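Comments concern the structure below.
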Amino acid sequence: MLTALLALALAADPKPEFPLFIAQGTEPTSVGGTLAKLTPDFGVTLVEPNATIQAGELVSLRRARKPLPPLPSTSHVRLANGDVIRVTEVIGDGDTSITLAARFGSAKDSVPLIIPLTALSAVWFTDPPADTPPDPAAYSWFDATKKQDALLLRNGDIVRGAVDKFTGDQTGVVRFKPAGEKTPTSYPRSAVAAVAFDPSLARVKKPKGAFARVTTSDGSRLSVSAVSADDKTLDATPLTGGKVSLPLADLMAVDVLGGKAAYLSDLKPKAVKEEAFGSVAWPWAADRSVKGNSLRLRTPLGDEVFSKGLGLHSKTTLTYDLGGKYRWFEASVGLDPVSGRRGAVDITILVDGKPQATDGLTGLTFAAGVKAVAVDVKKAKELTIVVDYGPGGDVQDDVTFADARFVE
């Protein structure tokens, strides 16, 4: 799988004005070409060369020759489902919602989006510090166990309680009721750095059936209930409502969720076994590294940041119930390019208890690069992933299973 993808990714675009894409469907081989059409029912037509993935069969569409970008490092909002949207301004009033001016990719104009407050995990009015974790629950100034919202002021002060309302434009305020107080206090927007919301109340309603997550060139990740594109423009309907259009040149990925692929990060393992090396154990993580960072791999295209996958550390064993419903398991596997550079692990994939032939996973190091895993699981009952210690014990054994998924 990965070999074919890289061959296409490193090839020259046939026409610079028409970006090259790689499409993965329900067959083990991917196809590449310039995008002629993406339909709302997740069918894809590529040209130069000609290739078609039938309606409902698309798993992912990725931009070739471009790495998946990091998350936005400027002012943005984070949603409860993991979406991250770059914003230029909070422009609307709301006690149940917030109106944002969102800007995607290189677009000159902002798009107004109305986001329910219950869908939000965090709002950054300023550029967050470089070491800010992707999960707001892990912010150093936010204690998710208290089941409260938190306000981070630009002077470093922290106020805990509940968001009451966002008002006005940049001259407006954040009305916030501090814990123990009967009435809210108005904080000038110019004094507020960020707001983090109680995760126990935050949720984004998923549509019935398949939907998609769109990644744009600025690092925004946006889940959409409908998406379509021609050779120039992509149009999408966010799960929270509204409409978004962006130039095709700013599209980095469309990953279909709830369709023909089941991502391991969305599934509950049948069994988990985590063995500490000495006194320290690192629990596995869904859509995050074990250190709480974004899922990262260094591919031939450079450092890439993935939305879906598993973060694992030695020694960890995960077993998933398949029920005979899937055709194969696939993932891109490597050591984290920041926290796993000195690691070395032995990885085994077992299907119904039998080890599978997986080239390069024994003695895997960061220098060995990223390895493609593609395992036949037709009629199989369970799949097990074992990340074992290498010669250095568990030192920097931070492993990324990017795009880890079962395909029907």
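Every chain in the structure tokens has a letter given in the order shown (A, B, ...), and although residue numbers restart at 1 in each chain, ligands are simply numbered from 1 in the order shown.
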
Any idea what's packed within 10 Å of Ile53 (chain A), counting only C-alpha atoms, ignoring anything in its chain fewer than 6 positions away? Could you give it as a PDB file with N, CA and C atoms, in the first residue's frame?
ATOM      1  N   ALA A  23      -6.190   8.154  -4.158  1.00  0.00           N
ATOM      2  CA  ALA A  23      -7.453   7.688  -3.598  1.00  0.00           C
ATOM      3  C   ALA A  23      -7.325   6.233  -3.164  1.00  0.00           C
ATOM      4  N   GLN A  24      -7.801   5.969  -1.953  1.00  0.00           N
ATOM      5  CA  GLN A  24      -7.827   4.610  -1.417  1.00  0.00           C
ATOM      6  C   GLN A  24      -9.288   4.194  -1.272  1.00  0.00           C
ATOM      7  N   GLY A  25      -9.644   3.098  -1.922  1.00  0.00           N
ATOM      8  CA  GLY A  25     -10.994   2.572  -1.814  1.00  0.00           C
ATOM      9  C   GLY A  25     -11.021   1.297  -1.010  1.00  0.00           C
ATOM     10  N   THR A  26     -11.950   0.423  -1.337  1.00  0.00           N
ATOM     11  CA  THR A  26     -12.085  -0.826  -0.599  1.00  0.00           C
ATOM     12  C   THR A  26     -11.207  -1.944  -1.154  1.00  0.00           C
ATOM     13  N   GLU A  27     -10.479  -1.642  -2.221  1.00  0.00           N
ATOM     14  CA  GLU A  27      -9.505  -2.595  -2.736  1.00  0.00           C
ATOM     15  C   GLU A  27      -8.140  -2.301  -2.137  1.00  0.00           C
ATOM     16  N   SER A  30      -4.177   1.436  -4.199  1.00  0.00           N
ATOM     17  CA  SER A  30      -4.627   2.810  -4.337  1.00  0.00           C
ATOM     18  C   SER A  30      -4.501   3.249  -5.785  1.00  0.00           C
ATOM     19  N   VAL A  31      -5.170   4.364  -6.116  1.00  0.00           N
ATOM     20  CA  VAL A  31      -5.105   4.911  -7.468  1.00  0.00           C
ATOM     21  C   VAL A  31      -4.792   6.390  -7.366  1.00  0.00           C
ATOM     22  N   LEU A  38     -15.577  14.573  -7.060  1.00  0.00           N
ATOM     23  CA  LEU A  38     -15.842  13.890  -5.800  1.00  0.00           C
ATOM     24  C   LEU A  38     -17.320  14.094  -5.513  1.00  0.00           C
ATOM     25  N   PHE A  42     -19.578   9.768  -1.863  1.00  0.00           N
ATOM     26  CA  PHE A  42     -18.212   9.283  -1.731  1.00  0.00           C
ATOM     27  C   PHE A  42     -17.788   8.373  -2.885  1.00  0.00           C
ATOM     28  N   GLY A  43     -18.018   8.871  -4.077  1.00  0.00           N
ATOM     29  CA  GLY A  43     -17.425   8.304  -5.279  1.00  0.00           C
ATOM     30  C   GLY A  43     -16.407   9.290  -5.816  1.00  0.00           C
ATOM     31  N   VAL A  44     -15.370   8.784  -6.476  1.00  0.00           N
ATOM     32  CA  VAL A  44     -14.281   9.633  -6.963  1.00  0.00           C
ATOM     33  C   VAL A  44     -13.960   9.285  -8.406  1.00  0.00           C
ATOM     34  N   THR A  45     -13.754  10.333  -9.210  1.00  0.00           N
ATOM     35  CA  THR A  45     -13.267  10.154 -10.567  1.00  0.00           C
ATOM     36  C   THR A  45     -11.954  10.915 -10.702  1.00  0.00           C
ATOM     37  N   LEU A  46     -10.906  10.179 -11.086  1.00  0.00           N
ATOM     38  CA  LEU A  46      -9.594  10.764 -11.325  1.00  0.00           C
ATOM     39  C   LEU A  46      -9.259  10.643 -12.809  1.00  0.00           C
ATOM     40  N   VAL A  59     -12.375   5.355   0.883  1.00  0.00           N
ATOM     41  CA  VAL A  59     -11.875   5.338   2.253  1.00  0.00           C
ATOM     42  C   VAL A  59     -11.123   6.627   2.547  1.00  0.00           C
TER      43      VAL A  59
END

Using only C-alpha atoms, which residues of region 41-138 of chain A come within 7 Å of region 214-237 of chain A, and what is the closest atom pair for each, with the distance in Å to one decimal? Give it as CSV, sorted by chain and residue number.
residue,atom,partner,partner_atom,distance
A:Pro69,CA,A:Gly219,CA,5.1
A:Pro70,CA,A:Gly219,CA,5.4
A:Leu71,CA,A:Gly219,CA,4.5
A:Pro72,CA,A:Gly219,CA,5.1
A:Asp83,CA,A:Arg221,CA,5.0
A:Val84,CA,A:Arg221,CA,5.1
A:Ile85,CA,A:Ser220,CA,4.9
A:Arg86,CA,A:Ser220,CA,6.1
A:Phe104,CA,A:Thr216,CA,6.5
A:Gly105,CA,A:Asp218,CA,4.8

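Of the listed residues A:Asn155, A:Ser73, A:Ser307, A:Ser289, the one whose atoms come nearest to Asp403 (chain A) is A:Ser307, with distances taken using only C-alpha atoms.
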
Open item on the list: I need the residues of region 194-268 of chain A that end up classed as helix (DSSP H, G or I) by DSSP on the backbone, written out as a ChimeraX atom specification.
Closed with: /A:248-250,264-266

Open item on the list: Can you tell me which residues surround region 349-361 of chain A at a distance of at most 12 Å, considering only C-alpha atoms, apart from same-chain residues fewer than 3 positions away, and format the answer as number ranges by chain?
Closed with: A: 317-324, 328-335, 344-346, 364-388, 390, 399, 401

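From CA of Leu100 (chain A) back to CA of Pro247 (chain A), the distance works out to 20.1 Å.
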
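What separates CA of Lys291 (chain A) from CA of Ser60 (chain A) is a distance of 26.7 Å.
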
Task: Those in region 58-224 of chain A with strand (DSSP E or B) from DSSP, as a ChimeraX atom specification - done: /A:60-63,76-79,84-90,94,97-102,111-116,120-124,149-153,158-167,173-178,185-188,192-196,211-216,221-224

TODO: Identify which of the residues A:Val195, A:Tyr187, A:Ser75, A:Leu267 lies closest to Pro129 (chain A), counting only C-alpha atoms when measuring atom-to-atom distances.
DONE: A:Ser75

Task: Residues near Gly161 (chain A), cut-off 7 Å, only C-alpha atoms, skip fewer than 6 positions along chain, as a ChimeraX atom specification - done: /A:148-150,177-179

For the residues in the current selection, export C-alpha atoms as a short mmCIF file (atom, residue, chain, number, x, y, z; two decimals), in the first residue's frame.
data_model
loop_
_atom_site.label_atom_id
_atom_site.label_comp_id
_atom_site.auth_asym_id
_atom_site.auth_seq_id
_atom_site.Cartn_x
_atom_site.Cartn_y
_atom_site.Cartn_z
CA GLN A 148 -16.04 23.23 35.00
CA ASP A 149 -15.12 25.59 32.20
CA ALA A 150 -11.89 27.54 32.59
CA LYS A 177 -19.70 32.97 36.00
CA PRO A 178 -16.85 32.12 38.42
CA ALA A 179 -17.40 29.09 40.64
#

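Between Gly363 (chain A) and the residues A:Ala286, A:Gly393, A:Arg62, A:Val338, the shortest atom-to-atom distance, using only C-alpha atoms, involves A:Gly393.
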
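For the atom pair formed by CA of Glu304 (chain A) and CA of Leu264 (chain A), the distance is 19.3 Å, given to one decimal.
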
Open item on the list: Neighbouring residues of Thr88 (chain A) were defined as those with any atom within 9 Å, considering only C-alpha atoms; residues of the same chain fewer than 2 positions away were excluded. Please report them as a count of residues only.
Closed with: 11

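Across A:Ser279, A:Thr96, A:Thr126, A:Thr299, the tightest approach to Ala194 (chain A) is made by A:Thr126 when counting only C-alpha atoms.
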
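Here the question is which of A:Pro40, A:Gly82, A:Pro199, A:Gly259 gets nearest to Ser294 (chain A) using only C-alpha atoms, and that residue is A:Gly82.
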
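Considering the residues A:Leu152, A:Ala122, A:Val174, A:Leu246 and counting only C-alpha atoms, Pro134 (chain A) has its shortest atom-to-atom contact with A:Ala122.
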